[in-house]
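Novice: My file is structure12.pdb. It has PDB, C-alpha atoms:
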```pdb
ATOM      1  CA  MET A   1      29.481 -14.831  19.446  1.00  0.00           C
ATOM      2  CA  ALA A   2      25.720 -15.099  18.965  1.00  0.00           C
ATOM      3  CA  GLY A   3      23.815 -12.237  17.358  1.00  0.00           C
ATOM      4  CA  ARG A   4      20.954 -10.283  18.807  1.00  0.00           C
ATOM      5  CA  SER A   5      17.786 -12.374  19.122  1.00  0.00           C
ATOM      6  CA  GLU A   6      15.252  -9.527  19.271  1.00  0.00           C
ATOM      7  CA  TYR A   7      15.057  -8.024  15.801  1.00  0.00           C
ATOM      8  CA  LEU A   8      12.491  -7.276  13.116  1.00  0.00           C
ATOM      9  CA  ASN A   9      12.171 -10.115  10.623  1.00  0.00           C
ATOM     10  CA  THR A  10      12.432  -9.401   6.882  1.00  0.00           C
ATOM     11  CA  GLU A  11       8.708  -9.371   6.090  1.00  0.00           C
ATOM     12  CA  ALA A  12       7.881  -7.210   9.105  1.00  0.00           C
ATOM     13  CA  PHE A  13      10.596  -4.785   8.014  1.00  0.00           C
ATOM     14  CA  PHE A  14       9.115  -4.369   4.523  1.00  0.00           C
ATOM     15  CA  MET A  15       5.609  -3.846   5.889  1.00  0.00           C
ATOM     16  CA  GLU A  16       6.970  -1.322   8.396  1.00  0.00           C
ATOM     17  CA  VAL A  17       8.604   0.550   5.482  1.00  0.00           C
ATOM     18  CA  ALA A  18       5.193   0.681   3.757  1.00  0.00           C
ATOM     19  CA  LYS A  19       3.579   1.883   6.995  1.00  0.00           C
ATOM     20  CA  LEU A  20       6.263   4.534   7.404  1.00  0.00           C
ATOM     21  CA  ALA A  21       5.703   5.740   3.825  1.00  0.00           C
ATOM     22  CA  ALA A  22       1.969   5.995   4.561  1.00  0.00           C
ATOM     23  CA  GLN A  23       2.750   8.555   7.246  1.00  0.00           C
ATOM     24  CA  ARG A  24       3.825  10.982   4.478  1.00  0.00           C
ATOM     25  CA  SER A  25       0.246  11.127   3.157  1.00  0.00           C
ATOM     26  CA  LYS A  26      -1.750  14.282   3.824  1.00  0.00           C
ATOM     27  CA  ASP A  27      -5.053  12.491   3.202  1.00  0.00           C
ATOM     28  CA  PRO A  28      -7.161  13.116   6.315  1.00  0.00           C
ATOM     29  CA  GLU A  29      -9.069   9.811   5.955  1.00  0.00           C
ATOM     30  CA  THR A  30      -6.848   7.112   4.460  1.00  0.00           C
ATOM     31  CA  GLN A  31      -3.071   7.012   4.477  1.00  0.00           C
ATOM     32  CA  VAL A  32      -1.572   4.289   2.304  1.00  0.00           C
ATOM     33  CA  GLY A  33       2.042   3.255   1.800  1.00  0.00           C
ATOM     34  CA  ALA A  34       3.733   0.825  -0.576  1.00  0.00           C
ATOM     35  CA  CYS A  35       7.174  -0.775  -0.773  1.00  0.00           C
ATOM     36  CA  ILE A  36       8.444  -2.767  -3.786  1.00  0.00           C
ATOM     37  CA  ILE A  37      10.971  -5.522  -3.091  1.00  0.00           C
ATOM     38  CA  LYS A  38      13.279  -7.201  -5.593  1.00  0.00           C
ATOM     39  CA  ASP A  39      13.874 -10.937  -5.265  1.00  0.00           C
ATOM     40  CA  ASN A  40      17.187 -10.247  -3.559  1.00  0.00           C
ATOM     41  CA  LYS A  41      15.301  -8.569  -0.680  1.00  0.00           C
ATOM     42  CA  ILE A  42      16.271  -5.048  -1.717  1.00  0.00           C
ATOM     43  CA  VAL A  43      13.812  -2.143  -1.579  1.00  0.00           C
ATOM     44  CA  VAL A  44      13.469  -0.762  -5.129  1.00  0.00           C
ATOM     45  CA  GLY A  45      10.427   1.494  -4.791  1.00  0.00           C
ATOM     46  CA  ILE A  46       8.488   3.334  -2.111  1.00  0.00           C
ATOM     47  CA  GLY A  47       5.302   5.362  -2.434  1.00  0.00           C
ATOM     48  CA  TYR A  48       2.395   6.888  -0.575  1.00  0.00           C
ATOM     49  CA  ASN A  49      -0.937   8.379  -1.608  1.00  0.00           C
ATOM     50  CA  HIS A  50      -0.732  12.069  -2.402  1.00  0.00           C
ATOM     51  CA  MET A  51      -2.113  14.797  -4.637  1.00  0.00           C
ATOM     52  CA  LEU A  52      -0.562  15.512  -8.017  1.00  0.00           C
ATOM     53  CA  LYS A  53       2.916  16.938  -7.372  1.00  0.00           C
ATOM     54  CA  GLU A  54       1.844  17.559  -3.759  1.00  0.00           C
ATOM     55  CA  SER A  55      -0.525  20.261  -5.008  1.00  0.00           C
ATOM     56  CA  ASN A  56      -2.667  22.185  -2.556  1.00  0.00           C
ATOM     57  CA  GLU A  57      -4.994  23.161  -5.390  1.00  0.00           C
ATOM     58  CA  PHE A  58      -7.228  20.088  -5.060  1.00  0.00           C
ATOM     59  CA  SER A  59      -9.619  19.092  -2.305  1.00  0.00           C
ATOM     60  CA  TRP A  60      -9.181  16.052  -0.082  1.00  0.00           C
ATOM     61  CA  ALA A  61     -12.978  15.786   0.094  1.00  0.00           C
ATOM     62  CA  ARG A  62     -14.389  12.405  -0.793  1.00  0.00           C
ATOM     63  CA  LYS A  63     -17.932  13.345  -1.755  1.00  0.00           C
ATOM     64  CA  LYS A  64     -18.774  16.779  -3.011  1.00  0.00           C
ATOM     65  CA  GLU A  65     -21.715  18.065  -4.979  1.00  0.00           C
ATOM     66  CA  ASN A  66     -19.378  18.680  -7.893  1.00  0.00           C
ATOM     67  CA  PRO A  67     -17.858  15.276  -8.844  1.00  0.00           C
ATOM     68  CA  SER A  68     -14.833  16.966 -10.385  1.00  0.00           C
ATOM     69  CA  ASN A  69     -13.819  18.019  -6.845  1.00  0.00           C
ATOM     70  CA  ASN A  70     -13.672  14.429  -5.573  1.00  0.00           C
ATOM     71  CA  LYS A  71     -10.198  13.566  -4.264  1.00  0.00           C
ATOM     72  CA  HIS A  72     -10.199  10.220  -6.093  1.00  0.00           C
ATOM     73  CA  ILE A  73      -9.798  11.993  -9.410  1.00  0.00           C
ATOM     74  CA  PHE A  74      -6.580  13.758  -8.354  1.00  0.00           C
ATOM     75  CA  VAL A  75      -4.866  11.404  -5.888  1.00  0.00           C
ATOM     76  CA  ILE A  76      -1.881   9.311  -6.937  1.00  0.00           C
ATOM     77  CA  HIS A  77      -2.174   5.987  -5.102  1.00  0.00           C
ATOM     78  CA  ALA A  78       0.750   4.560  -3.154  1.00  0.00           C
ATOM     79  CA  GLU A  79       1.210   1.558  -5.448  1.00  0.00           C
ATOM     80  CA  THR A  80       1.351   3.690  -8.583  1.00  0.00           C
ATOM     81  CA  CYS A  81       3.677   6.145  -6.836  1.00  0.00           C
ATOM     82  CA  ALA A  82       6.047   3.310  -5.857  1.00  0.00           C
ATOM     83  CA  ILE A  83       6.060   2.012  -9.454  1.00  0.00           C
ATOM     84  CA  ILE A  84       6.762   5.498 -10.835  1.00  0.00           C
ATOM     85  CA  ASN A  85       9.504   6.092  -8.220  1.00  0.00           C
ATOM     86  CA  LYS A  86      11.255   2.744  -8.702  1.00  0.00           C
ATOM     87  CA  THR A  87      15.041   2.849  -8.544  1.00  0.00           C
ATOM     88  CA  VAL A  88      15.659   0.067 -11.070  1.00  0.00           C
ATOM     89  CA  ASP A  89      14.558  -0.329 -14.690  1.00  0.00           C
ATOM     90  CA  ASP A  90      12.962  -3.741 -14.286  1.00  0.00           C
ATOM     91  CA  ILE A  91      10.589  -4.664 -11.457  1.00  0.00           C
ATOM     92  CA  ASN A  92       9.386  -7.814 -13.178  1.00  0.00           C
ATOM     93  CA  GLY A  93       8.947 -10.569 -10.570  1.00  0.00           C
ATOM     94  CA  CYS A  94       8.979  -8.167  -7.611  1.00  0.00           C
ATOM     95  CA  THR A  95       6.751  -8.189  -4.536  1.00  0.00           C
ATOM     96  CA  ILE A  96       4.851  -5.128  -3.371  1.00  0.00           C
ATOM     97  CA  TYR A  97       3.989  -4.591   0.300  1.00  0.00           C
ATOM     98  CA  VAL A  98       0.990  -2.285   0.754  1.00  0.00           C
ATOM     99  CA  THR A  99      -0.905  -1.096   3.779  1.00  0.00           C
ATOM    100  CA  LEU A 100      -4.249  -1.331   1.943  1.00  0.00           C
ATOM    101  CA  PHE A 101      -5.347  -3.839  -0.715  1.00  0.00           C
ATOM    102  CA  PRO A 102      -4.936  -2.247  -4.166  1.00  0.00           C
ATOM    103  CA  CYS A 103      -7.876  -0.861  -6.146  1.00  0.00           C
ATOM    104  CA  ASN A 104      -8.568  -2.000  -9.708  1.00  0.00           C
ATOM    105  CA  GLU A 105      -6.575   0.911 -11.198  1.00  0.00           C
ATOM    106  CA  CYS A 106      -3.491   0.078  -9.136  1.00  0.00           C
ATOM    107  CA  ALA A 107      -3.994  -3.621  -9.920  1.00  0.00           C
ATOM    108  CA  LYS A 108      -3.600  -2.771 -13.617  1.00  0.00           C
ATOM    109  CA  ALA A 109      -0.359  -0.876 -12.925  1.00  0.00           C
ATOM    110  CA  ILE A 110       0.942  -3.726 -10.748  1.00  0.00           C
ATOM    111  CA  ILE A 111       0.173  -6.292 -13.443  1.00  0.00           C
ATOM    112  CA  GLU A 112       1.668  -4.215 -16.259  1.00  0.00           C
ATOM    113  CA  ALA A 113       4.819  -3.543 -14.208  1.00  0.00           C
ATOM    114  CA  GLY A 114       5.348  -7.300 -13.840  1.00  0.00           C
ATOM    115  CA  ILE A 115       4.953  -7.432 -10.058  1.00  0.00           C
ATOM    116  CA  THR A 116       4.021 -11.012  -9.161  1.00  0.00           C
ATOM    117  CA  GLU A 117       3.055 -10.824  -5.492  1.00  0.00           C
ATOM    118  CA  VAL A 118       1.013  -8.403  -3.375  1.00  0.00           C
ATOM    119  CA  VAL A 119       1.339  -8.529   0.399  1.00  0.00           C
ATOM    120  CA  TYR A 120      -1.240  -6.307   2.040  1.00  0.00           C
ATOM    121  CA  LEU A 121      -2.028  -5.292   5.604  1.00  0.00           C
ATOM    122  CA  SER A 122      -5.677  -4.207   5.413  1.00  0.00           C
ATOM    123  CA  ASP A 123      -8.525  -5.259   3.145  1.00  0.00           C
ATOM    124  CA  LYS A 124     -11.088  -2.878   4.613  1.00  0.00           C
ATOM    125  CA  TYR A 125     -12.695  -2.293   1.201  1.00  0.00           C
ATOM    126  CA  ALA A 126     -12.983  -5.995   0.345  1.00  0.00           C
ATOM    127  CA  LYS A 127     -16.668  -5.698  -0.567  1.00  0.00           C
ATOM    128  CA  LYS A 128     -16.192  -2.711  -2.865  1.00  0.00           C
ATOM    129  CA  GLU A 129     -16.447  -3.383  -6.590  1.00  0.00           C
ATOM    130  CA  TYR A 130     -12.967  -1.964  -7.304  1.00  0.00           C
ATOM    131  CA  THR A 131     -11.367  -4.398  -4.825  1.00  0.00           C
ATOM    132  CA  ILE A 132     -13.370  -7.362  -6.094  1.00  0.00           C
ATOM    133  CA  ASN A 133     -12.287  -6.501  -9.650  1.00  0.00           C
ATOM    134  CA  ALA A 134      -8.656  -6.079  -8.592  1.00  0.00           C
ATOM    135  CA  LYS A 135      -8.716  -9.608  -7.165  1.00  0.00           C
ATOM    136  CA  LYS A 136     -10.342 -10.927 -10.366  1.00  0.00           C
ATOM    137  CA  MET A 137      -7.546  -9.378 -12.428  1.00  0.00           C
ATOM    138  CA  PHE A 138      -4.837 -10.741 -10.130  1.00  0.00           C
ATOM    139  CA  ASP A 139      -6.412 -14.218 -10.234  1.00  0.00           C
ATOM    140  CA  LYS A 140      -6.726 -14.137 -14.025  1.00  0.00           C
ATOM    141  CA  VAL A 141      -3.073 -13.246 -14.666  1.00  0.00           C
ATOM    142  CA  GLY A 142      -1.506 -15.163 -11.766  1.00  0.00           C
ATOM    143  CA  VAL A 143      -0.478 -12.351  -9.420  1.00  0.00           C
ATOM    144  CA  SER A 144      -0.571 -13.853  -5.941  1.00  0.00           C
ATOM    145  CA  TYR A 145      -1.817 -11.879  -2.967  1.00  0.00           C
ATOM    146  CA  ARG A 146      -1.920 -12.529   0.739  1.00  0.00           C
ATOM    147  CA  GLN A 147      -2.613 -10.654   3.896  1.00  0.00           C
ATOM    148  CA  TYR A 148       0.314 -10.001   6.185  1.00  0.00           C
ATOM    149  CA  VAL A 149      -0.390 -10.556   9.850  1.00  0.00           C
ATOM    150  CA  PHE A 150       2.033  -9.297  12.465  1.00  0.00           C
ATOM    151  CA  LYS A 151       2.716 -12.077  14.934  1.00  0.00           C
ATOM    152  CA  ARG A 152       3.338 -11.878  18.637  1.00  0.00           C
ATOM    153  CA  GLY A 153       6.910 -12.410  19.629  1.00  0.00           C
ATOM    154  CA  LEU A 154      10.086 -10.604  20.467  1.00  0.00           C
ATOM    155  CA  ALA A 155      11.321 -10.600  16.888  1.00  0.00           C
ATOM    156  CA  GLU A 156       8.223  -8.969  15.400  1.00  0.00           C
ATOM    157  CA  THR A 157       6.024  -5.969  16.010  1.00  0.00           C
ATOM    158  CA  ASP A 158       2.782  -6.617  17.816  1.00  0.00           C
ATOM    159  CA  VAL A 159       0.306  -4.555  15.816  1.00  0.00           C
ATOM    160  CA  LYS A 160      -3.244  -5.407  14.879  1.00  0.00           C
ATOM    161  CA  GLU A 161      -4.622  -4.285  11.532  1.00  0.00           C
ATOM    162  CA  GLU A 162      -7.246  -2.028  13.133  1.00  0.00           C
ATOM    163  CA  SER A 163      -4.709  -0.234  15.285  1.00  0.00           C
ATOM    164  CA  CYS A 164      -2.591   0.569  12.201  1.00  0.00           C
ATOM    165  CA  THR A 165      -5.424   2.639  10.785  1.00  0.00           C
ATOM    166  CA  LYS A 166      -5.836   4.492  14.056  1.00  0.00           C
ATOM    167  CA  ARG A 167      -2.098   4.995  14.439  1.00  0.00           C
ATOM    168  CA  ARG A 168      -1.741   6.478  10.965  1.00  0.00           C
ATOM    169  CA  LYS A 169      -4.053   9.322  11.973  1.00  0.00           C
ATOM    170  CA  LEU A 170      -1.603  10.628  14.584  1.00  0.00           C
TER     171      LEU A 170
END
```
Could you show the structure in this file as structure tokens?
Specialist:
Amino acid sequence: MAGRSEYLNTEAFFMEVAKLAAQRSKDPETQVGACIIKDNKIVVGIGYNHMLKESNEFSWARKKENPSNNKHIFVIHAETCAIINKTVDDINGCTIYVTLFPCNECAKAIIEAGITEVVYLSDKYAKKEYTINAKKMFDKVGVSYRQYVFKRGLAETDVKEESCTKRRKL
């Protein structure tokens, strides 16, 4: 008996897990999710961007007169969260699926953790210095990266990158 023909393929599933994790973020501007995959196609880490220990003590504001109130100082990024929350000791050689291309700080954590591939959905900050430097680091040490594009078809979700950002705000 033949199996069901309309199903989510493996890569789409992992990106959907990252997108689902992003929905846990309380950030009013940018919700990011990450999913770490072991070579045997098992999820070994999931994370999303959030404040330290889900604290309500810090502001989600991006630009304030007092730089020490900028959210970027206190937010744990999805990639770092997924690395911290990993369910196995060794993630060397793993792939990380992320909804937004990693910043330079997360790139360092990814490299040090031994992750060898980054699959990202959006690169909306491609021209920012921290993204340019993240790519330089990945190139220098041999971490591959590629953008995931959802394809039309019955077996995959039909989502455009721009609509993901809008959808996350629901």
Novice: So, counting all atoms listed in the file, which residue among A:Ala82, A:Ala22, A:Cys94, A:Val119 is closest to A:Gly45?
Specialist: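 Smallest distance to A:Gly45 is found for A:Ala82.
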Novice: Please expand the PyMOL selection byres ((chain A and resi 118) around 8) into the concrete residues it hits in this file, giving the result as a VMD selection string.
Specialist: chain A and resid 95 to 98 115 to 117 119 to 120 143 to 146
Novice: Could you check which of A:Leu8, A:Ile132, A:Cys35, A:Cys106 is closest to A:Leu20, using all atoms listed in the file?
Specialist: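 Smallest separation from A:Leu20 among the options: A:Cys35.
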Novice: Sort by chain and increasing residue number a table of all residues of stretch 23-56 of chain A within 10 Å of stretch 69-81 of chain A, each with its closest pair of atoms and their distance in Å to one decimal, counting only C-alpha atoms, and write it as JSON lines.
Specialist:
```
{"residue": "A:Ser25", "atom": "CA", "partner": "A:Ala78", "partner_atom": "CA", "distance": 9.1}
{"residue": "A:Asp27", "atom": "CA", "partner": "A:Lys71", "partner_atom": "CA", "distance": 9.1}
{"residue": "A:Gln31", "atom": "CA", "partner": "A:Ala78", "partner_atom": "CA", "distance": 8.9}
{"residue": "A:Val32", "atom": "CA", "partner": "A:Ala78", "partner_atom": "CA", "distance": 5.9}
{"residue": "A:Gly33", "atom": "CA", "partner": "A:Ala78", "partner_atom": "CA", "distance": 5.3}
{"residue": "A:Ala34", "atom": "CA", "partner": "A:Ala78", "partner_atom": "CA", "distance": 5.4}
{"residue": "A:Cys35", "atom": "CA", "partner": "A:Glu79", "partner_atom": "CA", "distance": 7.9}
{"residue": "A:Ile36", "atom": "CA", "partner": "A:Glu79", "partner_atom": "CA", "distance": 8.6}
{"residue": "A:Gly45", "atom": "CA", "partner": "A:Cys81", "partner_atom": "CA", "distance": 8.4}
{"residue": "A:Ile46", "atom": "CA", "partner": "A:Cys81", "partner_atom": "CA", "distance": 7.3}
{"residue": "A:Gly47", "atom": "CA", "partner": "A:Ala78", "partner_atom": "CA", "distance": 4.7}
{"residue": "A:Tyr48", "atom": "CA", "partner": "A:Ala78", "partner_atom": "CA", "distance": 3.8}
{"residue": "A:Asn49", "atom": "CA", "partner": "A:His77", "partner_atom": "CA", "distance": 4.4}
{"residue": "A:His50", "atom": "CA", "partner": "A:Ile76", "partner_atom": "CA", "distance": 5.4}
{"residue": "A:Met51", "atom": "CA", "partner": "A:Val75", "partner_atom": "CA", "distance": 4.5}
{"residue": "A:Leu52", "atom": "CA", "partner": "A:Phe74", "partner_atom": "CA", "distance": 6.3}
{"residue": "A:Lys53", "atom": "CA", "partner": "A:Ile76", "partner_atom": "CA", "distance": 9.0}
{"residue": "A:Glu54", "atom": "CA", "partner": "A:Val75", "partner_atom": "CA", "distance": 9.4}
{"residue": "A:Ser55", "atom": "CA", "partner": "A:Phe74", "partner_atom": "CA", "distance": 9.5}
```
Novice: How far is it from atom CA of A:Asp123 to atom CA of A:Phe101, in Å with one decimal?
Specialist: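 These atoms are spaced 5.2 Å apart.
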Novice: Quick check, in Å to one decimal: how far apart do atom CA of A:Thr30 and atom CA of A:Val17 lie?
Specialist: 16.8 Å
Novice: Please indicate the distance in Å from atom CA of A:Ala2 to atom CA of A:Phe14, rounded to one decimal place.
Specialist: 24.5 Å
Novice: Here is a test: counting all atoms listed in the file, which residue of A:Asn92, A:Asn104, A:Thr99, A:Gln147 is nearest to A:Lys38?
Specialist: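 Checking each candidate against A:Lys38, we get A:Asn92 as the closest.
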Novice: Which one is closest to A:Phe58: A:Ile42, A:Lys26, A:Met15, A:Glu112? Count all atoms listed in the file.
Specialist: A:Lys26
Novice: With all atoms listed in the file as the atoms that count, which of A:Leu121, A:Val44, A:Lys127, A:Ile111 lies nearest to A:Gly142?
Specialist: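 Going through A:Leu121, A:Val44, A:Lys127, A:Ile111 one by one, the smallest distance to A:Gly142 is for A:Ile111.
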Novice: Produce stretch 137-150 of chain A of the given structure as output with N, CA, C and O atoms, as a PDB file, in the first residue's frame.
Specialist:
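File out_4.pdb, as written:
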```
ATOM      1  N   MET A 137      33.399  35.228   9.232  1.00  0.00           N
ATOM      2  CA  MET A 137      33.841  34.179  10.162  1.00  0.00           C
ATOM      3  C   MET A 137      33.479  32.793   9.634  1.00  0.00           C
ATOM      4  O   MET A 137      34.314  31.885   9.661  1.00  0.00           O
ATOM      5  N   PHE A 138      32.243  32.633   9.170  1.00  0.00           N
ATOM      6  CA  PHE A 138      31.819  31.338   8.638  1.00  0.00           C
ATOM      7  C   PHE A 138      32.706  30.931   7.459  1.00  0.00           C
ATOM      8  O   PHE A 138      33.139  29.778   7.371  1.00  0.00           O
ATOM      9  N   ASP A 139      32.971  31.872   6.554  1.00  0.00           N
ATOM     10  CA  ASP A 139      33.806  31.586   5.388  1.00  0.00           C
ATOM     11  C   ASP A 139      35.218  31.180   5.812  1.00  0.00           C
ATOM     12  O   ASP A 139      35.797  30.248   5.257  1.00  0.00           O
ATOM     13  N   LYS A 140      35.750  31.869   6.788  1.00  0.00           N
ATOM     14  CA  LYS A 140      37.131  31.632   7.237  1.00  0.00           C
ATOM     15  C   LYS A 140      37.307  30.244   7.843  1.00  0.00           C
ATOM     16  O   LYS A 140      38.322  29.590   7.619  1.00  0.00           O
ATOM     17  N   VAL A 141      36.312  29.777   8.595  1.00  0.00           N
ATOM     18  CA  VAL A 141      36.446  28.486   9.281  1.00  0.00           C
ATOM     19  C   VAL A 141      35.730  27.336   8.575  1.00  0.00           C
ATOM     20  O   VAL A 141      35.772  26.201   9.036  1.00  0.00           O
ATOM     21  N   GLY A 142      35.037  27.634   7.470  1.00  0.00           N
ATOM     22  CA  GLY A 142      34.412  26.562   6.693  1.00  0.00           C
ATOM     23  C   GLY A 142      33.010  26.158   7.126  1.00  0.00           C
ATOM     24  O   GLY A 142      32.567  25.049   6.807  1.00  0.00           O
ATOM     25  N   VAL A 143      32.306  27.034   7.833  1.00  0.00           N
ATOM     26  CA  VAL A 143      30.900  26.756   8.141  1.00  0.00           C
ATOM     27  C   VAL A 143      30.100  27.177   6.912  1.00  0.00           C
ATOM     28  O   VAL A 143      30.164  28.323   6.482  1.00  0.00           O
ATOM     29  N   SER A 144      29.357  26.236   6.351  1.00  0.00           N
ATOM     30  CA  SER A 144      28.567  26.569   5.160  1.00  0.00           C
ATOM     31  C   SER A 144      27.244  27.190   5.593  1.00  0.00           C
ATOM     32  O   SER A 144      26.750  26.940   6.686  1.00  0.00           O
ATOM     33  N   TYR A 145      26.700  28.027   4.724  1.00  0.00           N
ATOM     34  CA  TYR A 145      25.407  28.640   4.989  1.00  0.00           C
ATOM     35  C   TYR A 145      24.662  28.787   3.675  1.00  0.00           C
ATOM     36  O   TYR A 145      25.256  28.987   2.624  1.00  0.00           O
ATOM     37  N   ARG A 146      23.345  28.645   3.780  1.00  0.00           N
ATOM     38  CA  ARG A 146      22.504  28.777   2.597  1.00  0.00           C
ATOM     39  C   ARG A 146      21.113  29.184   3.025  1.00  0.00           C
ATOM     40  O   ARG A 146      20.664  28.879   4.122  1.00  0.00           O
ATOM     41  N   GLN A 147      20.461  29.877   2.123  1.00  0.00           N
ATOM     42  CA  GLN A 147      19.101  30.309   2.404  1.00  0.00           C
ATOM     43  C   GLN A 147      18.131  29.203   2.026  1.00  0.00           C
ATOM     44  O   GLN A 147      18.252  28.585   0.971  1.00  0.00           O
ATOM     45  N   TYR A 148      17.188  28.949   2.899  1.00  0.00           N
ATOM     46  CA  TYR A 148      16.148  27.970   2.610  1.00  0.00           C
ATOM     47  C   TYR A 148      14.982  28.684   1.956  1.00  0.00           C
ATOM     48  O   TYR A 148      14.531  29.721   2.425  1.00  0.00           O
ATOM     49  N   VAL A 149      14.512  28.131   0.872  1.00  0.00           N
ATOM     50  CA  VAL A 149      13.378  28.699   0.155  1.00  0.00           C
ATOM     51  C   VAL A 149      12.288  27.642   0.101  1.00  0.00           C
ATOM     52  O   VAL A 149      12.511  26.542  -0.411  1.00  0.00           O
ATOM     53  N   PHE A 150      11.136  27.974   0.659  1.00  0.00           N
ATOM     54  CA  PHE A 150       9.993  27.066   0.565  1.00  0.00           C
ATOM     55  C   PHE A 150       9.559  27.011  -0.887  1.00  0.00           C
ATOM     56  O   PHE A 150       9.469  28.039  -1.549  1.00  0.00           O
TER      57      PHE A 150
END
```
